[in-house]
Amino acid sequence: MRILIVEDEHKIANSIKRGLIQEGFAVDIEYDGTGGYDMATSEDYDVIVLDLMLPGMDGLTLCRKLREGKNHTPILILTAKGALQDKIGGLNYGADDYLVKPFAYEELLARVRALTRRPQDGGETILKMNDLELDSITYEVKRDNKSINLSRKEFALLEYLMRNSGKILNKDQIIAHVWDYDADILPNTVEVYIGYLRKKIDLAFPKSKSLIQTIRGFGYKISI
Ligand code: CA
């Protein structure tokens, strides 16, 4: 899952980024509204965390322009304490949720998580395929009732594949949702991580059906 933070207070933006990266998200930051709008329209994000008082373009305008341009990425607005007008304005302009500053980091994480589980995937927190189970709240992955240890990136990749199960995902789509803009991506990065996952998810369970498939020339999919 890839998140864009648009927030001009560097301290807040950087601490949100650190926290989200620890949870396995890929995160980009823009410190002004114009840059935020450019990134939001050129990259494919799963959630945008948007401050309202921004240099360049204010948050409400940014939100309205995205929705007018048929960009439906879920938006979590950060508002100053007591600015009820901001909240109403934000929701009117198509934001999905709002959070009043100062906020507890756990609260932000819960809201971001909730937005990544919006209706397109039925809002499930536990994803299952045959005997494979992924819990997106506790970060536990099990197969055949045995726990599997995954790195953060492996977990993020598996969650992305499972939320799109049955669909062929090409490398660019996978990179766009699992790695951030500044990540060092080599031509074989996706293959390498798919290889790690396959070892832990499929090869370690020879009695179970292999779930991760390579579609030559197109990409990868996970399906039953
Ligand atoms: Ca601000």
# chains A, B, ... in the order shown; residues from 1 in each chain; ligands from 1

call {"tool": "residues_near_ligand", "arguments": {"ligand": "ligand 1", "cutoff": "10 Å", "atoms": "only C-alpha atoms and all ligand atoms", "output": "ChimeraX atom specification"}}
result
/A:6-10,12-13,31-33,50-55,58-59,78-80

call {"tool": "write_last_selection", "arguments": {"atoms": "N, CA, C and O atoms", "output": "PDB file, in the first residue's frame"}}
result
ATOM      1  N   VAL A   6       0.692  15.039   2.178  1.00  0.00           N
ATOM      2  CA  VAL A   6       0.874  16.427   1.748  1.00  0.00           C
ATOM      3  C   VAL A   6       0.717  17.287   2.998  1.00  0.00           C
ATOM      4  O   VAL A   6      -0.387  17.447   3.527  1.00  0.00           O
ATOM      5  N   GLU A   7       1.821  17.780   3.485  1.00  0.00           N
ATOM      6  CA  GLU A   7       1.852  18.479   4.792  1.00  0.00           C
ATOM      7  C   GLU A   7       3.082  19.366   4.819  1.00  0.00           C
ATOM      8  O   GLU A   7       4.185  18.898   4.539  1.00  0.00           O
ATOM      9  N   ASP A   8       2.899  20.686   5.099  1.00  0.00           N
ATOM     10  CA  ASP A   8       4.035  21.603   5.048  1.00  0.00           C
ATOM     11  C   ASP A   8       4.834  21.631   6.350  1.00  0.00           C
ATOM     12  O   ASP A   8       5.949  22.146   6.374  1.00  0.00           O
ATOM     13  N   GLU A   9       4.278  21.100   7.438  1.00  0.00           N
ATOM     14  CA  GLU A   9       5.064  21.046   8.673  1.00  0.00           C
ATOM     15  C   GLU A   9       5.954  19.805   8.606  1.00  0.00           C
ATOM     16  O   GLU A   9       5.481  18.680   8.760  1.00  0.00           O
ATOM     17  N   HIS A  10       7.237  20.055   8.372  1.00  0.00           N
ATOM     18  CA  HIS A  10       8.167  18.948   8.123  1.00  0.00           C
ATOM     19  C   HIS A  10       8.191  17.924   9.253  1.00  0.00           C
ATOM     20  O   HIS A  10       8.240  16.740   9.013  1.00  0.00           O
ATOM     21  N   ILE A  12       5.863  17.074  11.421  1.00  0.00           N
ATOM     22  CA  ILE A  12       4.669  16.211  11.418  1.00  0.00           C
ATOM     23  C   ILE A  12       4.757  15.232  10.247  1.00  0.00           C
ATOM     24  O   ILE A  12       4.576  14.021  10.404  1.00  0.00           O
ATOM     25  N   ALA A  13       5.063  15.774   9.064  1.00  0.00           N
ATOM     26  CA  ALA A  13       5.114  14.927   7.864  1.00  0.00           C
ATOM     27  C   ALA A  13       6.127  13.800   8.035  1.00  0.00           C
ATOM     28  O   ALA A  13       5.835  12.633   7.748  1.00  0.00           O
ATOM     29  N   TYR A  31       5.677  18.803   0.440  1.00  0.00           N
ATOM     30  CA  TYR A  31       5.527  19.822   1.474  1.00  0.00           C
ATOM     31  C   TYR A  31       4.690  21.021   1.008  1.00  0.00           C
ATOM     32  O   TYR A  31       4.525  21.974   1.736  1.00  0.00           O
ATOM     33  N   ASP A  32       4.231  21.008  -0.219  1.00  0.00           N
ATOM     34  CA  ASP A  32       3.330  22.090  -0.636  1.00  0.00           C
ATOM     35  C   ASP A  32       2.221  21.524  -1.527  1.00  0.00           C
ATOM     36  O   ASP A  32       2.325  20.403  -2.043  1.00  0.00           O
ATOM     37  N   GLY A  33       1.157  22.313  -1.661  1.00  0.00           N
ATOM     38  CA  GLY A  33      -0.046  21.830  -2.322  1.00  0.00           C
ATOM     39  C   GLY A  33       0.135  21.532  -3.801  1.00  0.00           C
ATOM     40  O   GLY A  33      -0.389  20.549  -4.323  1.00  0.00           O
ATOM     41  N   LEU A  50      -3.835  14.499   3.823  1.00  0.00           N
ATOM     42  CA  LEU A  50      -3.802  15.864   3.283  1.00  0.00           C
ATOM     43  C   LEU A  50      -4.035  16.908   4.359  1.00  0.00           C
ATOM     44  O   LEU A  50      -5.100  16.944   4.995  1.00  0.00           O
ATOM     45  N   ASP A  51      -3.037  17.778   4.555  1.00  0.00           N
ATOM     46  CA  ASP A  51      -3.210  18.924   5.438  1.00  0.00           C
ATOM     47  C   ASP A  51      -3.994  19.985   4.658  1.00  0.00           C
ATOM     48  O   ASP A  51      -3.981  19.998   3.431  1.00  0.00           O
ATOM     49  N   LEU A  52      -4.687  20.896   5.383  1.00  0.00           N
ATOM     50  CA  LEU A  52      -5.495  21.890   4.658  1.00  0.00           C
ATOM     51  C   LEU A  52      -4.753  23.195   4.407  1.00  0.00           C
ATOM     52  O   LEU A  52      -4.788  23.743   3.316  1.00  0.00           O
ATOM     53  N   MET A  53      -4.059  23.699   5.439  1.00  0.00           N
ATOM     54  CA  MET A  53      -3.339  24.967   5.273  1.00  0.00           C
ATOM     55  C   MET A  53      -1.983  24.664   4.663  1.00  0.00           C
ATOM     56  O   MET A  53      -1.076  24.198   5.346  1.00  0.00           O
ATOM     57  N   LEU A  54      -1.867  24.908   3.358  1.00  0.00           N
ATOM     58  CA  LEU A  54      -0.644  24.543   2.641  1.00  0.00           C
ATOM     59  C   LEU A  54      -0.204  25.688   1.748  1.00  0.00           C
ATOM     60  O   LEU A  54      -1.045  26.401   1.203  1.00  0.00           O
ATOM     61  N   PRO A  55       1.108  25.873   1.571  1.00  0.00           N
ATOM     62  CA  PRO A  55       1.554  26.831   0.556  1.00  0.00           C
ATOM     63  C   PRO A  55       1.287  26.253  -0.839  1.00  0.00           C
ATOM     64  O   PRO A  55       1.139  25.043  -0.997  1.00  0.00           O
ATOM     65  N   ASP A  58      -4.123  25.234  -1.481  1.00  0.00           N
ATOM     66  CA  ASP A  58      -4.613  24.759  -0.190  1.00  0.00           C
ATOM     67  C   ASP A  58      -5.253  23.382  -0.337  1.00  0.00           C
ATOM     68  O   ASP A  58      -5.608  22.952  -1.437  1.00  0.00           O
ATOM     69  N   GLY A  59      -5.392  22.703   0.787  1.00  0.00           N
ATOM     70  CA  GLY A  59      -5.851  21.321   0.780  1.00  0.00           C
ATOM     71  C   GLY A  59      -7.247  21.133   0.198  1.00  0.00           C
ATOM     72  O   GLY A  59      -7.505  20.161  -0.509  1.00  0.00           O
ATOM     73  N   LEU A  78      -6.238  16.362   7.474  1.00  0.00           N
ATOM     74  CA  LEU A  78      -5.763  16.767   8.795  1.00  0.00           C
ATOM     75  C   LEU A  78      -6.222  18.206   9.023  1.00  0.00           C
ATOM     76  O   LEU A  78      -5.935  19.080   8.207  1.00  0.00           O
ATOM     77  N   THR A  79      -6.976  18.445  10.091  1.00  0.00           N
ATOM     78  CA  THR A  79      -7.452  19.806  10.326  1.00  0.00           C
ATOM     79  C   THR A  79      -6.956  20.315  11.668  1.00  0.00           C
ATOM     80  O   THR A  79      -6.651  19.535  12.561  1.00  0.00           O
ATOM     81  N   ALA A  80      -6.913  21.651  11.789  1.00  0.00           N
ATOM     82  CA  ALA A  80      -6.552  22.253  13.069  1.00  0.00           C
ATOM     83  C   ALA A  80      -7.707  22.055  14.037  1.00  0.00           C
ATOM     84  O   ALA A  80      -8.851  21.892  13.628  1.00  0.00           O
TER      85      ALA A  80
END

call {"tool": "select_by_dssp", "arguments": {"residues": "range 65-215 of chain A", "states": "alpha helix (DSSP H)", "output": "count of residues only"}}
result
55

call {"tool": "residues_around", "arguments": {"residues": "Asp96 in chain A", "least_positions_apart": "3", "cutoff": "8 Å", "atoms": "only C-alpha atoms", "output": "VMD selection string"}}
result
chain A and resid 74 to 77 91 115

call {"tool": "write_last_selection", "arguments": {"atoms": "N, CA, C and O atoms", "output": "PDB file, in the first residue's frame"}}
result
ATOM      1  N   PRO A  74      -8.738   7.489  -1.810  1.00  0.00           N
ATOM      2  CA  PRO A  74      -9.249   7.918  -0.503  1.00  0.00           C
ATOM      3  C   PRO A  74      -8.370   9.020   0.108  1.00  0.00           C
ATOM      4  O   PRO A  74      -7.140   8.939   0.054  1.00  0.00           O
ATOM      5  N   ILE A  75      -9.013  10.046   0.668  1.00  0.00           N
ATOM      6  CA  ILE A  75      -8.287  11.179   1.254  1.00  0.00           C
ATOM      7  C   ILE A  75      -8.637  11.323   2.732  1.00  0.00           C
ATOM      8  O   ILE A  75      -9.806  11.371   3.102  1.00  0.00           O
ATOM      9  N   LEU A  76      -7.587  11.370   3.557  1.00  0.00           N
ATOM     10  CA  LEU A  76      -7.738  11.648   4.987  1.00  0.00           C
ATOM     11  C   LEU A  76      -7.233  13.062   5.222  1.00  0.00           C
ATOM     12  O   LEU A  76      -6.061  13.366   4.981  1.00  0.00           O
ATOM     13  N   ILE A  77      -8.142  13.943   5.687  1.00  0.00           N
ATOM     14  CA  ILE A  77      -7.771  15.344   5.890  1.00  0.00           C
ATOM     15  C   ILE A  77      -7.297  15.569   7.323  1.00  0.00           C
ATOM     16  O   ILE A  77      -7.852  15.013   8.263  1.00  0.00           O
ATOM     17  N   LEU A  91     -15.281  17.340   3.641  1.00  0.00           N
ATOM     18  CA  LEU A  91     -16.167  16.235   3.291  1.00  0.00           C
ATOM     19  C   LEU A  91     -17.030  16.620   2.084  1.00  0.00           C
ATOM     20  O   LEU A  91     -17.311  15.798   1.220  1.00  0.00           O
ATOM     21  N   LEU A 115      -9.063   3.245   5.468  1.00  0.00           N
ATOM     22  CA  LEU A 115      -9.252   3.757   4.101  1.00  0.00           C
ATOM     23  C   LEU A 115      -8.665   2.809   3.058  1.00  0.00           C
ATOM     24  O   LEU A 115      -9.180   2.720   1.946  1.00  0.00           O
TER      25      LEU A 115
END

call {"tool": "residues_around", "arguments": {"residues": "Phe103 in chain A", "least_positions_apart": "2", "cutoff": "12 Å", "atoms": "only C-alpha atoms", "output": "PyMOL selection string"}}
result
chain A and resi 12+16+77-81+98-101+105-111

call {"tool": "write_last_selection", "arguments": {"atoms": "N, CA, C and O atoms", "output": "PDB file, in the first residue's frame"}}
result
ATOM      1  N   ILE A  12       5.863  17.074  11.421  1.00  0.00           N
ATOM      2  CA  ILE A  12       4.669  16.211  11.418  1.00  0.00           C
ATOM      3  C   ILE A  12       4.757  15.232  10.247  1.00  0.00           C
ATOM      4  O   ILE A  12       4.576  14.021  10.404  1.00  0.00           O
ATOM      5  N   ILE A  16       4.990  11.135  10.615  1.00  0.00           N
ATOM      6  CA  ILE A  16       3.948  10.253  10.055  1.00  0.00           C
ATOM      7  C   ILE A  16       4.609   9.257   9.100  1.00  0.00           C
ATOM      8  O   ILE A  16       4.311   8.067   9.107  1.00  0.00           O
ATOM      9  N   ILE A  77      -8.142  13.943   5.687  1.00  0.00           N
ATOM     10  CA  ILE A  77      -7.771  15.344   5.890  1.00  0.00           C
ATOM     11  C   ILE A  77      -7.297  15.569   7.323  1.00  0.00           C
ATOM     12  O   ILE A  77      -7.852  15.013   8.263  1.00  0.00           O
ATOM     13  N   LEU A  78      -6.238  16.362   7.474  1.00  0.00           N
ATOM     14  CA  LEU A  78      -5.763  16.767   8.795  1.00  0.00           C
ATOM     15  C   LEU A  78      -6.222  18.206   9.023  1.00  0.00           C
ATOM     16  O   LEU A  78      -5.935  19.080   8.207  1.00  0.00           O
ATOM     17  N   THR A  79      -6.976  18.445  10.091  1.00  0.00           N
ATOM     18  CA  THR A  79      -7.452  19.806  10.326  1.00  0.00           C
ATOM     19  C   THR A  79      -6.956  20.315  11.668  1.00  0.00           C
ATOM     20  O   THR A  79      -6.651  19.535  12.561  1.00  0.00           O
ATOM     21  N   ALA A  80      -6.913  21.651  11.789  1.00  0.00           N
ATOM     22  CA  ALA A  80      -6.552  22.253  13.069  1.00  0.00           C
ATOM     23  C   ALA A  80      -7.707  22.055  14.037  1.00  0.00           C
ATOM     24  O   ALA A  80      -8.851  21.892  13.628  1.00  0.00           O
ATOM     25  N   LYS A  81      -7.369  22.075  15.316  1.00  0.00           N
ATOM     26  CA  LYS A  81      -8.360  21.833  16.352  1.00  0.00           C
ATOM     27  C   LYS A  81      -9.533  22.809  16.232  1.00  0.00           C
ATOM     28  O   LYS A  81      -9.345  24.011  16.103  1.00  0.00           O
ATOM     29  N   TYR A  98     -11.502  12.641   8.251  1.00  0.00           N
ATOM     30  CA  TYR A  98     -10.683  13.746   8.731  1.00  0.00           C
ATOM     31  C   TYR A  98     -10.179  13.416  10.118  1.00  0.00           C
ATOM     32  O   TYR A  98     -10.735  12.552  10.818  1.00  0.00           O
ATOM     33  N   LEU A  99      -9.112  14.085  10.507  1.00  0.00           N
ATOM     34  CA  LEU A  99      -8.496  13.853  11.800  1.00  0.00           C
ATOM     35  C   LEU A  99      -8.073  15.221  12.327  1.00  0.00           C
ATOM     36  O   LEU A  99      -7.496  16.016  11.593  1.00  0.00           O
ATOM     37  N   VAL A 100      -8.401  15.500  13.596  1.00  0.00           N
ATOM     38  CA  VAL A 100      -8.096  16.807  14.179  1.00  0.00           C
ATOM     39  C   VAL A 100      -6.706  16.777  14.823  1.00  0.00           C
ATOM     40  O   VAL A 100      -6.373  15.843  15.539  1.00  0.00           O
ATOM     41  N   LYS A 101      -5.901  17.796  14.519  1.00  0.00           N
ATOM     42  CA  LYS A 101      -4.565  17.926  15.118  1.00  0.00           C
ATOM     43  C   LYS A 101      -4.683  18.525  16.506  1.00  0.00           C
ATOM     44  O   LYS A 101      -5.515  19.415  16.684  1.00  0.00           O
ATOM     45  N   TYR A 105      -0.733   8.992  17.065  1.00  0.00           N
ATOM     46  CA  TYR A 105      -0.293   8.286  15.872  1.00  0.00           C
ATOM     47  C   TYR A 105      -1.136   7.030  15.609  1.00  0.00           C
ATOM     48  O   TYR A 105      -1.469   6.723  14.459  1.00  0.00           O
ATOM     49  N   GLU A 106      -1.522   6.331  16.664  1.00  0.00           N
ATOM     50  CA  GLU A 106      -2.332   5.102  16.510  1.00  0.00           C
ATOM     51  C   GLU A 106      -3.653   5.401  15.814  1.00  0.00           C
ATOM     52  O   GLU A 106      -4.161   4.607  15.035  1.00  0.00           O
ATOM     53  N   GLU A 107      -4.199   6.582  16.129  1.00  0.00           N
ATOM     54  CA  GLU A 107      -5.467   6.992  15.525  1.00  0.00           C
ATOM     55  C   GLU A 107      -5.280   7.202  14.014  1.00  0.00           C
ATOM     56  O   GLU A 107      -6.080   6.744  13.210  1.00  0.00           O
ATOM     57  N   LEU A 108      -4.200   7.876  13.659  1.00  0.00           N
ATOM     58  CA  LEU A 108      -3.922   8.093  12.243  1.00  0.00           C
ATOM     59  C   LEU A 108      -3.759   6.768  11.514  1.00  0.00           C
ATOM     60  O   LEU A 108      -4.335   6.547  10.441  1.00  0.00           O
ATOM     61  N   LEU A 109      -3.003   5.864  12.130  1.00  0.00           N
ATOM     62  CA  LEU A 109      -2.756   4.568  11.500  1.00  0.00           C
ATOM     63  C   LEU A 109      -4.076   3.810  11.298  1.00  0.00           C
ATOM     64  O   LEU A 109      -4.322   3.233  10.238  1.00  0.00           O
ATOM     65  N   ALA A 110      -4.933   3.854  12.312  1.00  0.00           N
ATOM     66  CA  ALA A 110      -6.221   3.156  12.211  1.00  0.00           C
ATOM     67  C   ALA A 110      -7.055   3.739  11.068  1.00  0.00           C
ATOM     68  O   ALA A 110      -7.679   2.998  10.300  1.00  0.00           O
ATOM     69  N   ARG A 111      -7.052   5.073  10.932  1.00  0.00           N
ATOM     70  CA  ARG A 111      -7.833   5.705   9.851  1.00  0.00           C
ATOM     71  C   ARG A 111      -7.262   5.352   8.476  1.00  0.00           C
ATOM     72  O   ARG A 111      -7.998   5.071   7.540  1.00  0.00           O
TER      73      ARG A 111
END

call {"tool": "atom_distance", "arguments": {"atom1": "CA of Glu140 in chain A", "atom2": "CA of Ile185 in chain A"}}
result
26.3 Å

call {"tool": "closest_residue", "arguments": {"among": "A:Leu211, A:Cys63, A:Ile201, A:Ile175", "to": "Asn149 in chain A", "atoms": "only C-alpha atoms"}}
result
A:Ile201

call {"tool": "residues_around", "arguments": {"residues": "Ala40 in chain A", "least_positions_apart": "3", "cutoff": "9 Å", "atoms": "only C-alpha atoms", "output": "list in words"}}
result
Leu4, Gly35, Gly36, Tyr37, Glu43, Asp44, Tyr45, Ile48, Leu66, Asn71 and Thr73 of chain A

call {"tool": "select_by_dssp", "arguments": {"residues": "chain A", "states": "strand (DSSP E or B)", "output": "mmCIF file with N, CA and C atoms, in the first residue's frame"}}
result
data_model
loop_
_atom_site.group_PDB
_atom_site.id
_atom_site.type_symbol
_atom_site.label_atom_id
_atom_site.label_comp_id
_atom_site.auth_asym_id
_atom_site.auth_seq_id
_atom_site.Cartn_x
_atom_site.Cartn_y
_atom_site.Cartn_z
ATOM 1 N N ARG A 2 0.540 2.188 -0.860
ATOM 2 C CA ARG A 2 1.392 3.357 -0.997
ATOM 3 C C ARG A 2 0.624 4.631 -0.613
ATOM 4 N N ILE A 3 1.260 5.446 0.236
ATOM 5 C CA ILE A 3 0.589 6.603 0.816
ATOM 6 C C ILE A 3 1.307 7.882 0.392
ATOM 7 N N LEU A 4 0.534 8.920 0.081
ATOM 8 C CA LEU A 4 1.094 10.250 -0.159
ATOM 9 C C LEU A 4 0.707 11.148 1.015
ATOM 10 N N ILE A 5 1.719 11.806 1.605
ATOM 11 C CA ILE A 5 1.462 12.777 2.674
ATOM 12 C C ILE A 5 1.697 14.167 2.087
ATOM 13 N N VAL A 6 0.692 15.039 2.178
ATOM 14 C CA VAL A 6 0.874 16.427 1.748
ATOM 15 C C VAL A 6 0.717 17.287 2.998
ATOM 16 N N ALA A 26 4.551 2.051 1.789
ATOM 17 C CA ALA A 26 5.474 2.867 1.009
ATOM 18 C C ALA A 26 4.941 4.296 1.106
ATOM 19 N N VAL A 27 5.827 5.274 1.363
ATOM 20 C CA VAL A 27 5.354 6.623 1.680
ATOM 21 C C VAL A 27 6.133 7.688 0.919
ATOM 22 N N ASP A 28 5.419 8.625 0.302
ATOM 23 C CA ASP A 28 6.028 9.811 -0.292
ATOM 24 C C ASP A 28 5.492 11.044 0.413
ATOM 25 N N ILE A 29 6.325 12.097 0.492
ATOM 26 C CA ILE A 29 5.891 13.355 1.115
ATOM 27 C C ILE A 29 5.999 14.490 0.098
ATOM 28 N N GLU A 30 5.003 15.369 0.089
ATOM 29 C CA GLU A 30 5.145 16.649 -0.589
ATOM 30 C C GLU A 30 4.853 17.726 0.446
ATOM 31 N N VAL A 47 -3.844 5.825 -0.489
ATOM 32 C CA VAL A 47 -4.452 6.816 0.413
ATOM 33 C C VAL A 47 -3.620 8.095 0.331
ATOM 34 N N ILE A 48 -4.305 9.254 0.438
ATOM 35 C CA ILE A 48 -3.611 10.537 0.539
ATOM 36 C C ILE A 48 -3.931 11.138 1.907
ATOM 37 N N VAL A 49 -2.881 11.495 2.655
ATOM 38 C CA VAL A 49 -3.059 12.200 3.930
ATOM 39 C C VAL A 49 -2.809 13.669 3.623
ATOM 40 N N LEU A 50 -3.835 14.499 3.823
ATOM 41 C CA LEU A 50 -3.802 15.864 3.283
ATOM 42 C C LEU A 50 -4.035 16.908 4.359
ATOM 43 N N ASP A 51 -3.037 17.778 4.555
ATOM 44 C CA ASP A 51 -3.210 18.924 5.438
ATOM 45 C C ASP A 51 -3.994 19.985 4.658
ATOM 46 N N ILE A 75 -9.013 10.046 0.668
ATOM 47 C CA ILE A 75 -8.287 11.179 1.254
ATOM 48 C C ILE A 75 -8.637 11.323 2.732
ATOM 49 N N LEU A 76 -7.587 11.370 3.557
ATOM 50 C CA LEU A 76 -7.738 11.648 4.987
ATOM 51 C C LEU A 76 -7.233 13.062 5.222
ATOM 52 N N ILE A 77 -8.142 13.943 5.687
ATOM 53 C CA ILE A 77 -7.771 15.344 5.890
ATOM 54 C C ILE A 77 -7.297 15.569 7.323
ATOM 55 N N LEU A 78 -6.238 16.362 7.474
ATOM 56 C CA LEU A 78 -5.763 16.767 8.795
ATOM 57 C C LEU A 78 -6.222 18.206 9.023
ATOM 58 N N THR A 79 -6.976 18.445 10.091
ATOM 59 C CA THR A 79 -7.452 19.806 10.326
ATOM 60 C C THR A 79 -6.956 20.315 11.668
ATOM 61 N N ASP A 97 -12.345 11.104 5.093
ATOM 62 C CA ASP A 97 -12.287 11.092 6.551
ATOM 63 C C ASP A 97 -11.450 12.292 6.965
ATOM 64 N N TYR A 98 -11.502 12.641 8.251
ATOM 65 C CA TYR A 98 -10.683 13.746 8.731
ATOM 66 C C TYR A 98 -10.179 13.416 10.118
ATOM 67 N N LEU A 99 -9.112 14.085 10.507
ATOM 68 C CA LEU A 99 -8.496 13.853 11.800
ATOM 69 C C LEU A 99 -8.073 15.221 12.327
ATOM 70 N N VAL A 100 -8.401 15.500 13.596
ATOM 71 C CA VAL A 100 -8.096 16.807 14.179
ATOM 72 C C VAL A 100 -6.706 16.777 14.823
ATOM 73 N N ILE A 126 -8.989 -9.712 7.473
ATOM 74 C CA ILE A 126 -8.296 -10.996 7.361
ATOM 75 C C ILE A 126 -8.550 -11.549 5.961
ATOM 76 N N LEU A 127 -7.470 -11.728 5.218
ATOM 77 C CA LEU A 127 -7.602 -12.222 3.844
ATOM 78 C C LEU A 127 -7.269 -13.707 3.832
ATOM 79 N N LYS A 128 -8.072 -14.482 3.119
ATOM 80 C CA LYS A 128 -7.839 -15.928 3.087
ATOM 81 C C LYS A 128 -7.847 -16.457 1.662
ATOM 82 N N MET A 129 -6.947 -17.386 1.397
ATOM 83 C CA MET A 129 -6.948 -18.126 0.134
ATOM 84 C C MET A 129 -6.579 -19.560 0.465
ATOM 85 N N LEU A 132 -4.071 -20.397 3.245
ATOM 86 C CA LEU A 132 -3.228 -19.228 3.515
ATOM 87 C C LEU A 132 -4.081 -18.114 4.127
ATOM 88 N N GLU A 133 -3.562 -17.503 5.194
ATOM 89 C CA GLU A 133 -4.328 -16.478 5.888
ATOM 90 C C GLU A 133 -3.424 -15.300 6.229
ATOM 91 N N LEU A 134 -3.887 -14.076 5.921
ATOM 92 C CA LEU A 134 -3.111 -12.876 6.240
ATOM 93 C C LEU A 134 -3.990 -11.946 7.063
ATOM 94 N N ASP A 135 -3.479 -11.545 8.222
ATOM 95 C CA ASP A 135 -4.222 -10.623 9.083
ATOM 96 C C ASP A 135 -3.587 -9.239 8.960
ATOM 97 N N VAL A 141 0.828 -13.927 9.302
ATOM 98 C CA VAL A 141 0.554 -14.719 8.105
ATOM 99 C C VAL A 141 0.706 -16.187 8.488
ATOM 100 N N LYS A 142 -0.284 -16.973 8.107
ATOM 101 C CA LYS A 142 -0.243 -18.403 8.431
ATOM 102 C C LYS A 142 -0.590 -19.213 7.204
ATOM 103 N N ARG A 143 0.033 -20.376 7.106
ATOM 104 C CA ARG A 143 -0.427 -21.324 6.110
ATOM 105 C C ARG A 143 -0.527 -22.687 6.785
ATOM 106 N N LYS A 146 0.356 -22.818 10.295
ATOM 107 C CA LYS A 146 1.713 -22.545 10.775
ATOM 108 C C LYS A 146 2.070 -21.094 10.479
ATOM 109 N N SER A 147 2.674 -20.419 11.467
ATOM 110 C CA SER A 147 3.060 -19.017 11.285
ATOM 111 C C SER A 147 4.200 -18.899 10.279
ATOM 112 N N ILE A 148 4.140 -17.850 9.466
ATOM 113 C CA ILE A 148 5.197 -17.578 8.491
ATOM 114 C C ILE A 148 5.775 -16.210 8.802
ATOM 115 N N LEU A 169 -1.014 -8.797 -12.228
ATOM 116 C CA LEU A 169 -0.444 -7.490 -11.894
ATOM 117 C C LEU A 169 0.922 -7.383 -12.530
ATOM 118 N N ILE A 212 1.131 -18.529 -5.903
ATOM 119 C CA ILE A 212 1.734 -17.419 -6.650
ATOM 120 C C ILE A 212 2.126 -17.899 -8.041
ATOM 121 N N GLN A 213 1.619 -17.237 -9.036
ATOM 122 C CA GLN A 213 1.891 -17.659 -10.410
ATOM 123 C C GLN A 213 2.586 -16.566 -11.211
ATOM 124 N N THR A 214 3.514 -16.987 -12.048
ATOM 125 C CA THR A 214 4.163 -16.061 -12.975
ATOM 126 C C THR A 214 3.474 -16.187 -14.318
ATOM 127 N N ILE A 215 3.025 -15.066 -14.860
ATOM 128 C CA ILE A 215 2.420 -15.083 -16.187
ATOM 129 C C ILE A 215 3.454 -14.471 -17.119
ATOM 130 N N GLY A 219 3.208 -10.578 -15.927
ATOM 131 C CA GLY A 219 3.406 -10.225 -14.526
ATOM 132 C C GLY A 219 3.108 -11.407 -13.624
ATOM 133 N N TYR A 220 2.424 -11.100 -12.531
ATOM 134 C CA TYR A 220 2.198 -12.123 -11.506
ATOM 135 C C TYR A 220 0.769 -12.075 -11.043
ATOM 136 N N LYS A 221 0.294 -13.225 -10.548
ATOM 137 C CA LYS A 221 -0.991 -13.189 -9.865
ATOM 138 C C LYS A 221 -1.007 -14.244 -8.774
ATOM 139 N N ILE A 222 -1.896 -14.026 -7.837
ATOM 140 C CA ILE A 222 -2.097 -15.026 -6.821
ATOM 141 C C ILE A 222 -3.526 -15.509 -7.011
#

call {"tool": "atom_distance", "arguments": {"atom1": "CA of Ile174 in chain A", "atom2": "CA of Ile137 in chain A"}}
result
21.2 Å

call {"tool": "residues_around", "arguments": {"residues": "Thr189 in chain A", "least_positions_apart": "3", "cutoff": "12 Å", "atoms": "only C-alpha atoms", "output": "PyMOL selection string"}}
result
chain A and resi 153-154+157+171-172+174-175+178-179+183-186+192-196

call {"tool": "atom_distance", "arguments": {"atom1": "CA of Thr61 in chain A", "atom2": "CA of Tyr93 in chain A"}}
result
8.3 Å

call {"tool": "closest_residue", "arguments": {"among": "A:Ala104, A:Thr116, A:Asp131, A:Glu191", "to": "Gly19 in chain A", "atoms": "only C-alpha atoms"}}
result
A:Ala104

call {"tool": "closest_residue", "arguments": {"among": "A:Lys199, A:Arg113, A:Arg163, A:His177", "to": "Glu23 in chain A", "atoms": "only C-alpha atoms"}}
result
A:Arg113
